[in-house]
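Student: Data: model.txt, compact mmCIF, C-alpha atoms.
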```txt
# COMPACT_ATOMS: atom_id res chain seq x y z
CA MET Z 62 8.06 65.65 6.11
CA SER Z 63 10.77 65.53 8.74
CA THR Z 64 12.49 62.39 9.94
CA ILE Z 65 10.71 62.50 13.29
CA GLU Z 66 7.31 62.88 11.63
CA ARG Z 67 8.07 60.03 9.21
CA GLU Z 68 9.11 57.70 12.08
CA THR Z 69 5.98 58.59 14.01
CA VAL Z 70 3.76 57.91 10.99
CA GLU Z 71 5.52 54.60 10.24
CA THR Z 72 5.28 53.51 13.88
CA THR Z 73 1.60 54.36 14.20
CA GLU Z 74 0.79 52.77 10.85
CA THR Z 75 2.57 49.47 11.54
CA ALA Z 76 1.98 49.15 15.26
CA PRO Z 77 -1.72 48.20 15.01
CA LEU Z 78 -0.84 45.64 12.34
CA ALA Z 79 1.86 43.90 14.38
CA MET Z 80 0.39 40.97 16.24
CA LYS Z 81 1.36 37.79 17.98
CA LEU Z 82 0.17 34.64 16.32
CA ARG Z 83 -0.31 33.13 19.79
CA THR Z 84 -3.49 35.16 20.11
CA HIS Z 85 -5.02 33.23 17.24
CA ARG Z 86 -6.44 29.94 18.47
CA LEU Z 87 -6.61 28.65 14.93
CA PHE Z 88 -2.83 28.20 14.87
CA SER Z 89 -2.95 26.19 18.09
CA ILE Z 90 -5.87 24.08 16.88
CA VAL Z 91 -4.24 23.33 13.52
CA ALA Z 92 -0.89 22.55 15.15
CA ILE Z 93 -2.40 20.17 17.68
CA ALA Z 94 -4.63 18.50 15.09
CA ALA Z 95 -1.72 17.97 12.70
CA MET Z 96 0.46 16.48 15.44
CA VAL Z 97 -2.30 14.21 16.78
CA ILE Z 98 -3.26 12.97 13.30
CA GLY Z 99 0.41 12.58 12.41
CA ILE Z 100 1.22 10.53 15.49
CA GLY Z 101 -1.92 8.45 14.92
CA SER Z 102 -0.85 7.82 11.33
CA VAL Z 103 2.64 6.74 12.39
CA LEU Z 104 1.24 4.39 15.02
CA GLY Z 105 -1.36 3.05 12.58
CA GLY Z 106 1.31 2.44 9.95
CA PHE Z 107 3.47 0.49 12.38
CA ALA Z 108 0.44 -1.46 13.63
CA GLY Z 109 -0.51 -2.33 10.03
CA ALA Z 110 2.98 -3.59 9.26
CA VAL Z 111 3.10 -5.68 12.45
CA TYR Z 112 -0.36 -7.13 11.76
CA THR Z 113 0.61 -8.05 8.18
CA TYR Z 114 3.82 -9.67 9.41
CA ASP Z 115 1.95 -11.66 12.07
CA GLN Z 116 -0.64 -12.87 9.56
CA ALA Z 117 2.09 -14.00 7.17
CA ALA Z 118 4.00 -15.72 9.96
CA THR Z 119 0.85 -17.57 11.02
CA GLN Z 120 0.64 -19.14 7.55
CA ASP Z 121 4.17 -20.57 7.98
CA ILE Z 122 5.01 -20.43 4.25
CA THR Z 123 8.56 -20.87 2.95
CA THR Z 124 9.54 -20.02 -0.60
CA PRO Z 125 10.59 -23.05 -2.69
CA GLU Z 126 14.19 -23.63 -3.73
CA ASP Z 127 13.55 -22.34 -7.25
CA ALA Z 128 12.11 -18.98 -6.11
CA ARG Z 129 14.09 -15.77 -6.62
CA ILE Z 130 14.48 -15.60 -2.85
CA ALA Z 131 14.94 -19.31 -2.17
CA GLU Z 132 13.89 -21.18 0.95
CA ALA Z 133 13.04 -18.09 2.96
CA PRO Z 134 10.10 -17.65 5.35
CA VAL Z 135 7.40 -15.53 3.71
CA ARG Z 136 7.03 -12.56 6.05
CA GLY Z 137 7.89 -9.29 4.33
CA PRO Z 138 7.10 -7.71 0.97
CA LEU Z 139 10.13 -9.13 -0.85
CA THR Z 140 9.49 -12.74 0.15
CA MET Z 141 5.78 -12.25 -0.58
CA TRP Z 142 6.73 -11.05 -4.06
CA ALA Z 143 9.10 -14.02 -4.57
CA GLN Z 144 6.40 -16.48 -3.52
CA SER Z 145 3.77 -14.87 -5.76
CA ASP Z 146 6.18 -14.85 -8.68
CA ILE Z 147 7.07 -18.54 -8.32
CA ILE Z 148 3.41 -19.57 -7.99
CA THR Z 149 2.70 -17.85 -11.32
CA HIS Z 150 5.80 -19.42 -12.87
CA HIS Z 151 4.79 -22.94 -11.73
CA GLN Z 152 1.21 -22.41 -12.90
CA LEU Z 153 2.39 -21.34 -16.35
CA ASP Z 154 4.55 -24.48 -16.50
CA ARG Z 155 1.49 -26.59 -15.63
CA THR Z 156 -0.67 -24.98 -18.31
CA GLY Z 157 1.86 -24.87 -21.11
CA GLY Z 158 2.41 -21.13 -20.78
CA LEU Z 159 -1.29 -20.29 -21.07
CA TYR Z 160 -3.19 -18.01 -18.73
CA TYR Z 161 -6.76 -18.67 -17.58
CA SER Z 162 -8.33 -16.49 -20.26
CA GLN Z 163 -6.31 -18.16 -23.01
CA MET Z 164 -7.58 -21.67 -22.25
CA GLU Z 165 -10.75 -23.42 -23.37
CA ARG Z 166 -13.47 -23.78 -20.77
CA GLU Z 167 -14.04 -27.43 -21.68
CA VAL Z 168 -11.79 -30.10 -23.20
CA GLN Z 169 -12.48 -33.45 -24.71
CA ALA Z 170 -12.57 -36.31 -22.21
CA VAL Z 171 -10.00 -39.08 -22.54
CA ASP Z 172 -9.97 -42.59 -21.09
CA GLU Z 173 -7.18 -44.23 -19.05
CA GLU Z 174 -5.29 -45.07 -22.21
CA GLY Z 175 -5.44 -41.50 -23.50
CA ASN Z 176 -8.06 -42.15 -26.19
CA ALA Z 177 -10.78 -39.59 -26.86
CA VAL Z 178 -14.14 -40.49 -25.36
CA VAL Z 179 -17.18 -40.16 -27.63
CA ASP Z 180 -20.86 -40.55 -26.90
CA ASP Z 181 -23.32 -42.90 -28.65
CA ASP Z 182 -23.71 -40.46 -31.55
CA GLY Z 183 -19.94 -40.27 -32.09
CA GLN Z 184 -19.70 -36.77 -30.65
CA PRO Z 185 -16.77 -35.98 -28.31
CA VAL Z 186 -17.60 -35.93 -24.61
CA MET Z 187 -16.56 -32.58 -23.16
CA VAL Z 188 -15.44 -32.08 -19.53
CA PRO Z 189 -14.33 -29.02 -17.55
CA ASN Z 190 -10.74 -28.02 -18.25
CA GLU Z 191 -8.98 -28.87 -14.96
CA ALA Z 192 -5.80 -27.05 -15.99
CA ARG Z 193 -7.83 -23.89 -16.52
CA MET Z 194 -9.58 -24.34 -13.18
CA SER Z 195 -6.24 -24.63 -11.38
CA TRP Z 196 -5.66 -20.97 -12.28
CA LEU Z 197 -8.35 -20.06 -9.74
CA ASP Z 198 -6.22 -21.42 -6.89
CA ALA Z 199 -3.06 -19.79 -8.21
CA THR Z 200 -4.82 -16.46 -8.67
CA THR Z 201 -6.27 -16.58 -5.16
CA LEU Z 202 -2.86 -17.26 -3.65
CA THR Z 203 -1.03 -14.58 -5.65
CA THR Z 204 -3.76 -12.03 -4.94
CA SER Z 205 -3.43 -12.66 -1.20
CA LEU Z 206 0.34 -12.26 -1.38
CA ASN Z 207 0.02 -9.09 -3.46
CA MET Z 208 -2.43 -7.67 -0.91
CA GLY Z 209 0.22 -8.28 1.76
CA ILE Z 210 2.75 -6.36 -0.33
CA MET Z 211 0.23 -3.54 -0.69
CA ALA Z 212 -0.41 -3.55 3.06
CA TYR Z 213 3.31 -3.02 3.69
CA ALA Z 214 3.40 -0.21 1.12
CA LEU Z 215 0.39 1.51 2.69
CA ALA Z 216 1.90 1.11 6.16
CA ALA Z 217 5.12 2.77 4.98
CA PHE Z 218 3.09 5.57 3.36
CA ALA Z 219 1.13 6.10 6.59
CA VAL Z 220 4.35 6.36 8.58
CA VAL Z 221 5.91 8.88 6.17
CA VAL Z 222 2.76 11.02 5.97
CA GLY Z 223 2.41 10.83 9.75
CA LEU Z 224 5.96 12.05 10.25
CA VAL Z 225 5.41 14.93 7.83
CA LEU Z 226 2.15 15.90 9.56
CA THR Z 227 3.75 15.72 12.98
CA GLY Z 228 6.63 17.90 11.80
CA THR Z 229 4.25 20.37 10.18
CA GLY Z 230 2.22 20.58 13.38
CA TRP Z 231 5.36 21.18 15.42
CA VAL Z 232 6.45 23.98 13.06
CA ILE Z 233 3.02 25.62 13.26
CA TRP Z 234 3.13 25.31 17.07
CA ARG Z 235 6.48 27.08 17.10
CA LEU Z 236 5.28 29.75 14.67
CA ARG Z 237 2.37 30.69 16.89
CA ASP Z 238 4.91 32.27 19.26
CA ALA Z 239 6.41 34.35 16.47
CA GLU Z 240 5.66 38.00 16.07
CA VAL Z 241 4.50 38.92 12.61
CA ALA Z 242 4.32 42.41 11.20
CA LEU Z 243 1.72 42.80 8.51
CA HIS Z 244 2.28 45.58 6.00
```
Is it possible to give me this structure as structure tokens?

Tutor:
Amino acid sequence: MSTIERETVETTETAPLAMKLRTHRLFSIVAIAAMVIGIGSVLGGFAGAVYTYDQAATQDITTPEDARIAEAPVRGPLTMWAQSDIITHHQLDRTGGLYYSQMEREVQAVDEEGNAVVDDDGQPVMVPNEARMSWLDATTLTTSLNMGIMAYALAAFAVVVGLVLTGTGWVIWRLRDAEVALH
């Protein structure tokens, strides 16, 4: 086969396979969808972080002087963590280092002088363990603070994923103008 014949065969074989991606609406649809979802994710992430900050600021909490981040307004994830940590620390001090599940549900009642109270049959009078019950308040507070930390983490994740999706959509949008030869 001569050179001219070979070039003619190669040209006619590849020419029908060469195409512009612009002609495929799927590229445009995917590009636009990725950019719209990406921008929405970025905006949603920022809105979530602002909302979490505002909710924390409304509570007007300041970490105590013995917290790891001392005497700071609780607004962001680090101060939320410091406040949660010190609540747990103080609660463990109050309960002698015992967690809720490690404490008895009821304890023996004592009078004002610290003597055990017994009933008419000589049996100890049992009352709810107030130290154990105080764990419910501590757990509620630390859970709320930990949810705030999680909200910040999810907001950051939404922003990062949104930026990646927006960038991916932009690249696909640019690729739709490219000419591709399929062999």

Student: Which value, in Å to one decimal, gives the distance between CA of Val221 (chain Z) and CA of Ser102 (chain Z)?

Tutor: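 Spanning CA of Val221 (chain Z) to CA of Ser102 (chain Z) is a straight-line distance of 8.6 Å.
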
Student: Give me the box for region 150-157 of chain Z as JSON, namely the centre and edge lengths in Å to one decimal of a box along x, y and z that holds every listed atom plus 4 Å on each side.

Tutor:
```
{"center_x": 2.6, "center_y": -23.0, "center_z": -16.4, "size_x": 14.5, "size_y": 15.2, "size_z": 17.4}
```

Student: Near Phe218 (chain Z), within 10 Å and counting all atoms listed in the file, which residues show up once chain neighbours fewer than 6 positions away are dropped, as an MDAnalysis selection string?

Tutor: chainID Z and resid 102:103 106 212 224

Student: List as a VMD selection string the protein and nucleic acid residues near Leu197 (chain Z), meaning an atom at most 12 Å away when only C-alpha atoms are counted, but skip any in the same chain fewer than 3 places from it.

Tutor: chain Z and resid 148 to 149 152 160 to 162 190 to 194 200 to 204

Student: Residues at most 10 Å from Val232 (chain Z), counting only C-alpha atoms, excluding those fewer than 6 positions away in the same chain, as a compact mmCIF listing (two decimals) with C-alpha atoms, keeping the file's coordinate frame?

Tutor:
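Result file follows (result.txt):
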```
# COMPACT_ATOMS: atom_id res chain seq x y z
CA ALA Z 92 -0.89 22.55 15.15
CA MET Z 96 0.46 16.48 15.44
CA LEU Z 226 2.15 15.90 9.56
```

Student: With only C-alpha atoms as the counted atoms, please give the residues lying no more than 10 Å from Leu215 (chain Z), apart from itself and same-chain residues fewer than 4 positions off, as a PyMOL selection string.

Tutor: chain Z and resi 106+109-110+209-211+219-221

Student: Here is a test: counting all atoms listed in the file, which residue of Z:Arg86, Z:His151, Z:Arg136, Z:Arg237 is nearest to Ile122 (chain Z)?

Tutor: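 The answer is Z:Arg136, which sits nearest to Ile122 (chain Z).
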
Student: Which of these, Z:Ala95, Z:Val188, Z:Leu153, Z:Leu87, has the shortest distance to Ala170 (chain Z) once you count only C-alpha atoms?

Tutor: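 Selected residue with least distance to Ala170 (chain Z): Z:Val188.
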
Student: Enter the distance from CA of Thr229 (chain Z) to CA of Tyr213 (chain Z), in Å, rounded to one decimal.

Tutor: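 Taking CA of Thr229 (chain Z) as the start and CA of Tyr213 (chain Z) as the end point, the length is 24.3 Å.
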
Student: Between Z:Gly158, Z:Arg235, Z:Val111, Z:Pro185, which is the closest to Phe88 (chain Z) once you count only C-alpha atoms?

Tutor: Z:Arg235

Student: Can region 104-115 of chain Z be brought up to all heavy atoms and written out as an mmCIF file, in the coordinates of the input?

Tutor:
```cif
data_model
loop_
_atom_site.group_PDB
_atom_site.id
_atom_site.type_symbol
_atom_site.label_atom_id
_atom_site.label_comp_id
_atom_site.auth_asym_id
_atom_site.auth_seq_id
_atom_site.Cartn_x
_atom_site.Cartn_y
_atom_site.Cartn_z
ATOM 1 N N LEU Z 104 1.581 5.571 14.227
ATOM 2 C CA LEU Z 104 1.240 4.390 15.020
ATOM 3 C C LEU Z 104 0.411 3.401 14.211
ATOM 4 O O LEU Z 104 0.631 2.183 14.284
ATOM 5 C CB LEU Z 104 0.505 4.800 16.302
ATOM 6 C CG LEU Z 104 1.316 5.616 17.311
ATOM 7 C CD1 LEU Z 104 0.437 6.058 18.473
ATOM 8 C CD2 LEU Z 104 2.522 4.831 17.789
ATOM 9 N N GLY Z 105 -0.541 3.914 13.430
ATOM 10 C CA GLY Z 105 -1.360 3.050 12.580
ATOM 11 C C GLY Z 105 -0.532 2.347 11.511
ATOM 12 O O GLY Z 105 -0.761 1.170 11.207
ATOM 13 N N GLY Z 106 0.433 3.046 10.947
ATOM 14 C CA GLY Z 106 1.310 2.440 9.950
ATOM 15 C C GLY Z 106 2.135 1.315 10.536
ATOM 16 O O GLY Z 106 2.242 0.230 9.943
ATOM 17 N N PHE Z 107 2.705 1.554 11.722
ATOM 18 C CA PHE Z 107 3.470 0.490 12.380
ATOM 19 C C PHE Z 107 2.573 -0.681 12.754
ATOM 20 O O PHE Z 107 2.946 -1.845 12.587
ATOM 21 C CB PHE Z 107 4.212 1.022 13.608
ATOM 22 C CG PHE Z 107 5.468 1.773 13.273
ATOM 23 C CD1 PHE Z 107 5.640 3.083 13.681
ATOM 24 C CD2 PHE Z 107 6.473 1.168 12.533
ATOM 25 C CE1 PHE Z 107 6.803 3.783 13.370
ATOM 26 C CE2 PHE Z 107 7.638 1.852 12.221
ATOM 27 C CZ PHE Z 107 7.797 3.167 12.631
ATOM 28 N N ALA Z 108 1.376 -0.390 13.252
ATOM 29 C CA ALA Z 108 0.440 -1.460 13.630
ATOM 30 C C ALA Z 108 0.053 -2.279 12.395
ATOM 31 O O ALA Z 108 -0.036 -3.509 12.472
ATOM 32 C CB ALA Z 108 -0.792 -0.870 14.298
ATOM 33 N N GLY Z 109 -0.172 -1.614 11.260
ATOM 34 C CA GLY Z 109 -0.510 -2.330 10.030
ATOM 35 C C GLY Z 109 0.608 -3.239 9.561
ATOM 36 O O GLY Z 109 0.363 -4.371 9.123
ATOM 37 N N ALA Z 110 1.834 -2.775 9.670
ATOM 38 C CA ALA Z 110 2.980 -3.590 9.260
ATOM 39 C C ALA Z 110 3.140 -4.795 10.195
ATOM 40 O O ALA Z 110 3.378 -5.918 9.734
ATOM 41 C CB ALA Z 110 4.253 -2.753 9.245
ATOM 42 N N VAL Z 111 2.980 -4.582 11.485
ATOM 43 C CA VAL Z 111 3.100 -5.680 12.450
ATOM 44 C C VAL Z 111 1.980 -6.698 12.230
ATOM 45 O O VAL Z 111 2.225 -7.915 12.238
ATOM 46 C CB VAL Z 111 3.076 -5.142 13.907
ATOM 47 C CG1 VAL Z 111 2.898 -6.261 14.924
ATOM 48 C CG2 VAL Z 111 4.345 -4.359 14.192
ATOM 49 N N TYR Z 112 0.766 -6.223 12.002
ATOM 50 C CA TYR Z 112 -0.360 -7.130 11.760
ATOM 51 C C TYR Z 112 -0.119 -7.963 10.496
ATOM 52 O O TYR Z 112 -0.336 -9.178 10.503
ATOM 53 C CB TYR Z 112 -1.658 -6.326 11.610
ATOM 54 C CG TYR Z 112 -2.851 -7.185 11.287
ATOM 55 C CD1 TYR Z 112 -3.494 -7.908 12.291
ATOM 56 C CD2 TYR Z 112 -3.327 -7.283 9.987
ATOM 57 C CE1 TYR Z 112 -4.583 -8.707 11.998
ATOM 58 C CE2 TYR Z 112 -4.414 -8.084 9.692
ATOM 59 C CZ TYR Z 112 -5.039 -8.792 10.697
ATOM 60 O OH TYR Z 112 -6.111 -9.587 10.402
ATOM 61 N N THR Z 113 0.339 -7.331 9.428
ATOM 62 C CA THR Z 113 0.610 -8.050 8.180
ATOM 63 C C THR Z 113 1.703 -9.092 8.395
ATOM 64 O O THR Z 113 1.587 -10.226 7.926
ATOM 65 C CB THR Z 113 1.008 -7.059 7.070
ATOM 66 O OG1 THR Z 113 -0.044 -6.099 6.916
ATOM 67 C CG2 THR Z 113 1.231 -7.762 5.748
ATOM 68 N N TYR Z 114 2.746 -8.727 9.112
ATOM 69 C CA TYR Z 114 3.820 -9.670 9.410
ATOM 70 C C TYR Z 114 3.292 -10.866 10.207
ATOM 71 O O TYR Z 114 3.597 -12.015 9.886
ATOM 72 C CB TYR Z 114 4.935 -8.964 10.198
ATOM 73 C CG TYR Z 114 6.092 -9.868 10.533
ATOM 74 C CD1 TYR Z 114 7.166 -9.998 9.671
ATOM 75 C CD2 TYR Z 114 6.094 -10.612 11.713
ATOM 76 C CE1 TYR Z 114 8.228 -10.841 9.961
ATOM 77 C CE2 TYR Z 114 7.153 -11.461 12.015
ATOM 78 C CZ TYR Z 114 8.206 -11.566 11.143
ATOM 79 O OH TYR Z 114 9.249 -12.408 11.432
ATOM 80 N N ASP Z 115 2.504 -10.585 11.240
ATOM 81 C CA ASP Z 115 1.950 -11.660 12.070
ATOM 82 C C ASP Z 115 1.067 -12.600 11.257
ATOM 83 O O ASP Z 115 1.116 -13.824 11.435
ATOM 84 C CB ASP Z 115 1.163 -11.095 13.254
ATOM 85 C CG ASP Z 115 2.050 -10.515 14.338
ATOM 86 O OD1 ASP Z 115 3.260 -10.810 14.344
ATOM 87 O OD2 ASP Z 115 1.525 -9.751 15.172
#
```
